[in-house]
Amino acid sequence: MTGRLASEIRALHVYRTYFPDPQGGMQEAIRQLCLATKARNVSNTIFTLSPKPHPAELHRPEARVVRCRSWAAPGSCDLGGLDSLKRFRKLAQESDVLHFLFPWPYADVMHSLTATRTPAVLTYVSDVVRQRWVGKAYKPLMWKTLRTMKAIVANCPAYLRTSPILSDPAIRGKVRVIPLGIVEESYPAQGDDSVFERLGLEGGEPYFFFVGVLRYYKGLHFLVQAARNVKARIVIAGSGPEGEALRALSLQLGTRNVILAGHVSDAEKVALLKRCRALVLPSHLRSEAYGMVLVEASMFARPLVSCEIGTGTSFVNAHGESGLVVPPENALALADALNTLLADQAQADALGRGARARYERLFSGPALGQAYADLFREVAAR
């Protein structure tokens with residue numbers, strides 16, 4: 001560690017995609033982790049692939065971002081070329097600890113082929129849920145990777161309990177729980193209130209809010225169906241592959257209270273979060289492993305509505321404490337939860353306070369940064 005502070009740790013975070021490429025919850029989770037550990041004297045580098053990796057290196061407030069070419073992405077698994085193997089190996093040799101975010105099978109390939117001796121940890125974000133044919137072919141390499149990790153992080157107790165991989169005796173002893181979180185100072189202090197006029201929400205009327213990538217597992221078609229029985233606006237912000245199908249469903253059902261807002265800026269998102277009656281995350285499949293947007297809304301003391309799918313969503317949103325948890329794929333139950341919060345302002349406010357309290361205790365920047373910095377130092381010291 002010559003020339004550096006003795007206590008500084010160089011961490012290399014490895015994931016298939018990162019900003020400024022299309023945004024998603026995992027990229028934001030990595031950004032927050034880097035910001036939080038940076039305050040604990042961790043020097044962060046992010047290695048990723050991109051369809052257009054120019055420039056090849058970016059310097060962002062949270063970390064240095066090193067990018068190689070993504071040549072293809074079958075089943076959302078970005079694949080690199082020989083240059084990515086060489087670049088990864090060099091970065092790994094310069095680091096004190098490697099941090100993989102699972103699943104990304106190509107990362108397993110890089111780690112196996114480069115044979116780096118840098119100690120590694122892995123954050124287990126999600127089981128391989130949809131691409132089962134990939135899962136079968138990937139299984140031997142996956143287990144090889146998991147066994148080489150010095151530590152494996154689960155984001156919540158529920159995922160540790162329900163994942164057949166994390167609960168396997170072969171690795172169970174090295175698994176620990178560290179919740180994902182958010183550094184509050186990384187968000188705009190003031191929202192952009194012009195978004196209310198743009199969306200026709202002037203006048204302080206109550207509305208419910210969803211924000212995220214419009215993907216198949218988000219359960220948004222159930223939310224559109226639920227809107228028929230909710231006497232309030234429902235704002236769905238974001239873009240993605242399900243956008244046109246949702247628009248067509250809304251027209252078919254005649255749900256005039258559904259606003260498909262498209263992409264919103266960070267400042268617009270903050271404004272919408274601050275004023276919404278509740279944040280709704282109707283995800284119905286285990287592909288929704290955590291739900292960072294639930295943490296975002298908790299930070300702004302908003303009550304939460306989500307579905308019980310056996311993942312981290314019901315850890316972030318504790319039923320009766322920070323919000324309401326309903327059965328998945330049930331538009332009527334979803335509508336009932338929204339109407340409950342619509343009719344009872346006092347209950348909505350109490351749940352919002354509970355959400356904020358959970359954020360401060362479990363999901364804040366200091367809690368996240370201390371836990372991961374301690375883990376990185378522990379692993380590097382070995």
# chains A, B, ... in the order shown; residues from 1 in each chain; ligands from 1
>>> closest_atom_pairs(of="segment 7-30 of chain A", to="segment 58-65 of chain A", cutoff="10 Å", atoms="only C-alpha atoms", output="JSON lines")
{"residue": "A:Ala11", "atom": "CA", "partner": "A:Ala63", "partner_atom": "CA", "distance": 9.9}
{"residue": "A:Leu12", "atom": "CA", "partner": "A:Arg64", "partner_atom": "CA", "distance": 9.6}
{"residue": "A:His13", "atom": "CA", "partner": "A:Val65", "partner_atom": "CA", "distance": 9.4}
{"residue": "A:Tyr18", "atom": "CA", "partner": "A:Val65", "partner_atom": "CA", "distance": 8.2}
{"residue": "A:Phe19", "atom": "CA", "partner": "A:Val65", "partner_atom": "CA", "distance": 8.7}
{"residue": "A:Pro20", "atom": "CA", "partner": "A:Leu58", "partner_atom": "CA", "distance": 9.5}
{"residue": "A:Ile30", "atom": "CA", "partner": "A:Glu62", "partner_atom": "CA", "distance": 9.2}
>>> write_last_selection(atoms="C-alpha atoms", output="PDB file, in the first residue's frame")
ATOM      1  CA  ALA A  11     -12.458  -2.124  -4.260  1.00  0.00           C
ATOM      2  CA  LEU A  12     -13.319  -3.263  -7.776  1.00  0.00           C
ATOM      3  CA  HIS A  13     -17.079  -3.651  -8.315  1.00  0.00           C
ATOM      4  CA  TYR A  18     -23.673   0.919 -15.290  1.00  0.00           C
ATOM      5  CA  PHE A  19     -24.455   4.598 -15.746  1.00  0.00           C
ATOM      6  CA  PRO A  20     -24.688   6.428 -18.093  1.00  0.00           C
ATOM      7  CA  ILE A  30     -24.027   0.183  -6.888  1.00  0.00           C
TER       8      ILE A  30
END
>>> select_by_dssp(residues="segment 131-296 of chain A", states="alpha helix (DSSP H)", output="PyMOL selection string")
chain A and resi 132-148+157-162+194-198+220-227+243-253+266-275+292-296
>>> residues_around(residues="Pro327 of chain A", least_positions_apart="2", cutoff="10 Å", atoms="only C-alpha atoms", output="VMD selection string")
chain A and resid 282 284 306 to 309 325 329 to 334
>>> write_last_selection(atoms="N, CA, C and O atoms", output="PDB file, in the first residue's frame")
ATOM      1  N   PRO A 282     -45.959  -3.008  -7.531  1.00  0.00           N
ATOM      2  CA  PRO A 282     -46.821  -4.193  -7.637  1.00  0.00           C
ATOM      3  C   PRO A 282     -46.131  -5.434  -8.201  1.00  0.00           C
ATOM      4  O   PRO A 282     -46.810  -6.350  -8.677  1.00  0.00           O
ATOM      5  N   HIS A 284     -44.757  -8.904  -9.143  1.00  0.00           N
ATOM      6  CA  HIS A 284     -45.411 -10.166  -8.797  1.00  0.00           C
ATOM      7  C   HIS A 284     -44.518 -11.382  -8.967  1.00  0.00           C
ATOM      8  O   HIS A 284     -44.958 -12.504  -8.707  1.00  0.00           O
ATOM      9  N   SER A 306     -46.755  -2.925  -1.598  1.00  0.00           N
ATOM     10  CA  SER A 306     -46.014  -3.899  -2.399  1.00  0.00           C
ATOM     11  C   SER A 306     -46.672  -5.263  -2.258  1.00  0.00           C
ATOM     12  O   SER A 306     -47.653  -5.418  -1.531  1.00  0.00           O
ATOM     13  N   CYS A 307     -46.127  -6.262  -2.943  1.00  0.00           N
ATOM     14  CA  CYS A 307     -46.697  -7.611  -2.948  1.00  0.00           C
ATOM     15  C   CYS A 307     -45.763  -8.598  -2.255  1.00  0.00           C
ATOM     16  O   CYS A 307     -44.539  -8.430  -2.289  1.00  0.00           O
ATOM     17  N   GLU A 308     -46.346  -9.617  -1.658  1.00  0.00           N
ATOM     18  CA  GLU A 308     -45.569 -10.649  -0.992  1.00  0.00           C
ATOM     19  C   GLU A 308     -45.080 -11.672  -2.013  1.00  0.00           C
ATOM     20  O   GLU A 308     -45.854 -12.504  -2.490  1.00  0.00           O
ATOM     21  N   ILE A 309     -43.793 -11.582  -2.354  1.00  0.00           N
ATOM     22  CA  ILE A 309     -43.222 -12.502  -3.338  1.00  0.00           C
ATOM     23  C   ILE A 309     -42.018 -13.255  -2.775  1.00  0.00           C
ATOM     24  O   ILE A 309     -41.271 -13.886  -3.508  1.00  0.00           O
ATOM     25  N   VAL A 325     -48.694  -4.774   2.569  1.00  0.00           N
ATOM     26  CA  VAL A 325     -48.225  -5.836   1.691  1.00  0.00           C
ATOM     27  C   VAL A 325     -49.420  -6.699   1.320  1.00  0.00           C
ATOM     28  O   VAL A 325     -50.149  -7.168   2.199  1.00  0.00           O
ATOM     29  N   GLU A 329     -50.385 -10.560  -8.036  1.00  0.00           N
ATOM     30  CA  GLU A 329     -51.307 -10.897  -9.131  1.00  0.00           C
ATOM     31  C   GLU A 329     -52.770 -10.765  -8.705  1.00  0.00           C
ATOM     32  O   GLU A 329     -53.622 -11.536  -9.135  1.00  0.00           O
ATOM     33  N   ASN A 330     -53.060  -9.783  -7.873  1.00  0.00           N
ATOM     34  CA  ASN A 330     -54.407  -9.611  -7.334  1.00  0.00           C
ATOM     35  C   ASN A 330     -54.786  -8.139  -7.404  1.00  0.00           C
ATOM     36  O   ASN A 330     -54.481  -7.358  -6.504  1.00  0.00           O
ATOM     37  N   ALA A 331     -55.446  -7.769  -8.495  1.00  0.00           N
ATOM     38  CA  ALA A 331     -55.791  -6.361  -8.715  1.00  0.00           C
ATOM     39  C   ALA A 331     -56.758  -5.840  -7.659  1.00  0.00           C
ATOM     40  O   ALA A 331     -56.670  -4.674  -7.250  1.00  0.00           O
ATOM     41  N   LEU A 332     -57.677  -6.687  -7.191  1.00  0.00           N
ATOM     42  CA  LEU A 332     -58.640  -6.243  -6.184  1.00  0.00           C
ATOM     43  C   LEU A 332     -57.947  -5.958  -4.853  1.00  0.00           C
ATOM     44  O   LEU A 332     -58.250  -4.961  -4.184  1.00  0.00           O
ATOM     45  N   ALA A 333     -57.027  -6.832  -4.445  1.00  0.00           N
ATOM     46  CA  ALA A 333     -56.296  -6.606  -3.202  1.00  0.00           C
ATOM     47  C   ALA A 333     -55.439  -5.348  -3.303  1.00  0.00           C
ATOM     48  O   ALA A 333     -55.319  -4.580  -2.333  1.00  0.00           O
ATOM     49  N   LEU A 334     -54.874  -5.120  -4.465  1.00  0.00           N
ATOM     50  CA  LEU A 334     -54.074  -3.920  -4.688  1.00  0.00           C
ATOM     51  C   LEU A 334     -54.949  -2.680  -4.577  1.00  0.00           C
ATOM     52  O   LEU A 334     -54.581  -1.699  -3.912  1.00  0.00           O
TER      53      LEU A 334
END
>>> residues_around(residues="Tyr217 of chain A", least_positions_apart="6", cutoff="10 Å", atoms="only C-alpha atoms", output="JSON, numbers by chain")
{"A": [130, 242, 282, 283, 284, 285, 286, 287, 288]}
>>> closest_residue(among="A:Ala237, A:Leu294, A:Leu166, A:Ala120", to="His263 of chain A", atoms="only C-alpha atoms")
A:Ala237
>>> residues_around(residues="Gln32 of chain A", least_positions_apart="2", cutoff="12 Å", atoms="only C-alpha atoms", output="PyMOL selection string")
chain A and resi 25-30+34-39+44+61-63+179-187+292+295-296+363-369+372
>>> write_last_selection(atoms="C-alpha atoms", output="PDB file, in the first residue's frame")
ATOM      1  CA  GLY A  25     -32.294  -0.325  -9.694  1.00  0.00           C
ATOM      2  CA  MET A  26     -29.020  -2.250  -9.661  1.00  0.00           C
ATOM      3  CA  GLN A  27     -27.004   0.597 -11.125  1.00  0.00           C
ATOM      4  CA  GLU A  28     -28.434   2.895  -8.460  1.00  0.00           C
ATOM      5  CA  ALA A  29     -27.664   0.328  -5.757  1.00  0.00           C
ATOM      6  CA  ILE A  30     -24.027   0.183  -6.888  1.00  0.00           C
ATOM      7  CA  CYS A  34     -19.799   3.349  -3.692  1.00  0.00           C
ATOM      8  CA  LEU A  35     -20.855   6.697  -2.250  1.00  0.00           C
ATOM      9  CA  ALA A  36     -21.422   5.154   1.175  1.00  0.00           C
ATOM     10  CA  THR A  37     -18.091   3.293   1.301  1.00  0.00           C
ATOM     11  CA  LYS A  38     -16.182   6.259  -0.126  1.00  0.00           C
ATOM     12  CA  ALA A  39     -17.006   8.046   3.134  1.00  0.00           C
ATOM     13  CA  ASN A  44     -13.998   2.459  -5.746  1.00  0.00           C
ATOM     14  CA  PRO A  61     -18.409  11.341  -7.940  1.00  0.00           C
ATOM     15  CA  GLU A  62     -18.905   7.806  -6.617  1.00  0.00           C
ATOM     16  CA  ALA A  63     -16.204   5.940  -8.539  1.00  0.00           C
ATOM     17  CA  PRO A 179     -29.341  -4.434   3.313  1.00  0.00           C
ATOM     18  CA  LEU A 180     -28.933  -2.155   0.316  1.00  0.00           C
ATOM     19  CA  GLY A 181     -29.381   1.501   1.156  1.00  0.00           C
ATOM     20  CA  ILE A 182     -29.221   5.120   0.018  1.00  0.00           C
ATOM     21  CA  VAL A 183     -27.004   8.076   0.904  1.00  0.00           C
ATOM     22  CA  GLU A 184     -29.597  10.791   1.470  1.00  0.00           C
ATOM     23  CA  GLU A 185     -27.267  13.609   0.423  1.00  0.00           C
ATOM     24  CA  SER A 186     -26.937  12.066  -3.041  1.00  0.00           C
ATOM     25  CA  TYR A 187     -30.506  13.074  -3.927  1.00  0.00           C
ATOM     26  CA  MET A 292     -34.602   0.067  -4.351  1.00  0.00           C
ATOM     27  CA  VAL A 295     -35.963   2.581  -0.030  1.00  0.00           C
ATOM     28  CA  GLU A 296     -36.194   5.851  -1.972  1.00  0.00           C
ATOM     29  CA  PHE A 363     -31.106   1.583   4.866  1.00  0.00           C
ATOM     30  CA  SER A 364     -29.229   4.848   5.469  1.00  0.00           C
ATOM     31  CA  GLY A 365     -25.879   5.742   3.936  1.00  0.00           C
ATOM     32  CA  PRO A 366     -23.919   5.381   7.206  1.00  0.00           C
ATOM     33  CA  ALA A 367     -25.373   1.917   7.867  1.00  0.00           C
ATOM     34  CA  LEU A 368     -24.615   0.746   4.309  1.00  0.00           C
ATOM     35  CA  GLY A 369     -21.132   2.246   4.168  1.00  0.00           C
ATOM     36  CA  TYR A 372     -19.549  -2.960   3.390  1.00  0.00           C
TER      37      TYR A 372
END
>>> select_by_dssp(residues="segment 112-153 of chain A", states="strand (DSSP E or B)", output="number ranges by chain")
A: 120-124, 151-153
>>> residues_around(residues="segment 97-105 of chain A", least_positions_apart="4", cutoff="10 Å", atoms="only C-alpha atoms", output="NGL selection string")
:A and (9-17 or 26 or 30 or 45-47 or 76-79 or 91-93 or 109-111 or 116-128 or 134-135 or 138-139 or 141-142 or 145-146 or 149 or 151-153 or 375-381)
>>> write_last_selection(atoms="C-alpha atoms", output="PDB file, in the first residue's frame")
ATOM      1  CA  ILE A   9      -9.069  -0.112   0.530  1.00  0.00           C
ATOM      2  CA  ARG A  10      -9.220  -0.374  -3.272  1.00  0.00           C
ATOM      3  CA  ALA A  11     -12.458  -2.124  -4.260  1.00  0.00           C
ATOM      4  CA  LEU A  12     -13.319  -3.263  -7.776  1.00  0.00           C
ATOM      5  CA  HIS A  13     -17.079  -3.651  -8.315  1.00  0.00           C
ATOM      6  CA  VAL A  14     -18.081  -5.882 -11.236  1.00  0.00           C
ATOM      7  CA  TYR A  15     -21.488  -5.739 -12.937  1.00  0.00           C
ATOM      8  CA  ARG A  16     -22.747  -6.052 -16.477  1.00  0.00           C
ATOM      9  CA  THR A  17     -24.008  -2.486 -16.933  1.00  0.00           C
ATOM     10  CA  MET A  26     -29.020  -2.250  -9.661  1.00  0.00           C
ATOM     11  CA  ILE A  30     -24.027   0.183  -6.888  1.00  0.00           C
ATOM     12  CA  THR A  45     -13.646   1.360  -9.348  1.00  0.00           C
ATOM     13  CA  ILE A  46     -16.546  -0.108 -11.340  1.00  0.00           C
ATOM     14  CA  PHE A  47     -15.856  -2.505 -14.201  1.00  0.00           C
ATOM     15  CA  SER A  76     -29.703  -9.889 -20.413  1.00  0.00           C
ATOM     16  CA  CYS A  77     -26.236 -11.426 -20.013  1.00  0.00           C
ATOM     17  CA  ASP A  78     -23.777  -8.972 -21.557  1.00  0.00           C
ATOM     18  CA  LEU A  79     -20.772 -10.657 -23.187  1.00  0.00           C
ATOM     19  CA  LEU A  91      -7.839  -3.980 -12.645  1.00  0.00           C
ATOM     20  CA  ALA A  92      -8.172  -7.012 -10.375  1.00  0.00           C
ATOM     21  CA  GLN A  93      -4.423  -7.141  -9.802  1.00  0.00           C
ATOM     22  CA  VAL A 109     -16.075 -16.509 -16.825  1.00  0.00           C
ATOM     23  CA  MET A 110     -13.723 -13.557 -16.331  1.00  0.00           C
ATOM     24  CA  HIS A 111     -12.967 -14.531 -12.759  1.00  0.00           C
ATOM     25  CA  THR A 116      -6.551 -13.572 -10.106  1.00  0.00           C
ATOM     26  CA  ARG A 117      -5.497 -14.037  -6.482  1.00  0.00           C
ATOM     27  CA  THR A 118      -7.242 -10.902  -5.259  1.00  0.00           C
ATOM     28  CA  PRO A 119      -9.758 -11.935  -2.570  1.00  0.00           C
ATOM     29  CA  ALA A 120     -13.363 -11.656  -3.707  1.00  0.00           C
ATOM     30  CA  VAL A 121     -16.814 -11.178  -2.214  1.00  0.00           C
ATOM     31  CA  LEU A 122     -20.168 -11.431  -3.948  1.00  0.00           C
ATOM     32  CA  THR A 123     -23.496  -9.703  -3.391  1.00  0.00           C
ATOM     33  CA  TYR A 124     -26.225 -12.174  -4.300  1.00  0.00           C
ATOM     34  CA  VAL A 125     -28.896  -9.963  -5.809  1.00  0.00           C
ATOM     35  CA  SER A 126     -31.251 -12.544  -7.301  1.00  0.00           C
ATOM     36  CA  ASP A 127     -31.701 -16.183  -8.198  1.00  0.00           C
ATOM     37  CA  VAL A 128     -31.655 -16.975 -11.929  1.00  0.00           C
ATOM     38  CA  VAL A 134     -29.222 -20.553 -18.951  1.00  0.00           C
ATOM     39  CA  GLY A 135     -29.401 -21.583 -15.315  1.00  0.00           C
ATOM     40  CA  TYR A 138     -24.491 -22.064 -15.925  1.00  0.00           C
ATOM     41  CA  LYS A 139     -24.864 -24.138 -12.760  1.00  0.00           C
ATOM     42  CA  LEU A 141     -19.610 -22.430 -13.217  1.00  0.00           C
ATOM     43  CA  MET A 142     -21.936 -20.684 -10.750  1.00  0.00           C
ATOM     44  CA  THR A 145     -17.630 -19.083  -8.341  1.00  0.00           C
ATOM     45  CA  LEU A 146     -19.671 -19.229  -5.141  1.00  0.00           C
ATOM     46  CA  MET A 149     -15.875 -16.296  -2.613  1.00  0.00           C
ATOM     47  CA  ALA A 151     -18.002 -13.953   1.714  1.00  0.00           C
ATOM     48  CA  ILE A 152     -21.453 -13.818   0.119  1.00  0.00           C
ATOM     49  CA  VAL A 153     -23.892 -11.029   0.918  1.00  0.00           C
ATOM     50  CA  LEU A 375     -16.526  -6.479   5.043  1.00  0.00           C
ATOM     51  CA  PHE A 376     -13.992  -5.277   2.449  1.00  0.00           C
ATOM     52  CA  ARG A 377     -11.337  -4.697   5.134  1.00  0.00           C
ATOM     53  CA  GLU A 378     -12.004  -8.060   6.723  1.00  0.00           C
ATOM     54  CA  VAL A 379     -11.635  -9.890   3.416  1.00  0.00           C
ATOM     55  CA  ALA A 380      -8.557  -7.894   2.324  1.00  0.00           C
ATOM     56  CA  ALA A 381      -6.873  -8.617   5.673  1.00  0.00           C
TER      57      ALA A 381
END
>>> closest_residue(among="A:Lys269, A:Leu82, A:Arg275, A:Ala226", to="Asp336 of chain A", atoms="only C-alpha atoms")
A:Ala226
>>> closest_residue(among="A:Val175, A:Val235, A:Val195, A:Leu304", to="Ser163 of chain A", atoms="only C-alpha atoms")
A:Val175
>>> closest_residue(among="A:Arg361, A:Arg247, A:Arg353, A:Arg256", to="Pro303 of chain A", atoms="only C-alpha atoms")
A:Arg353
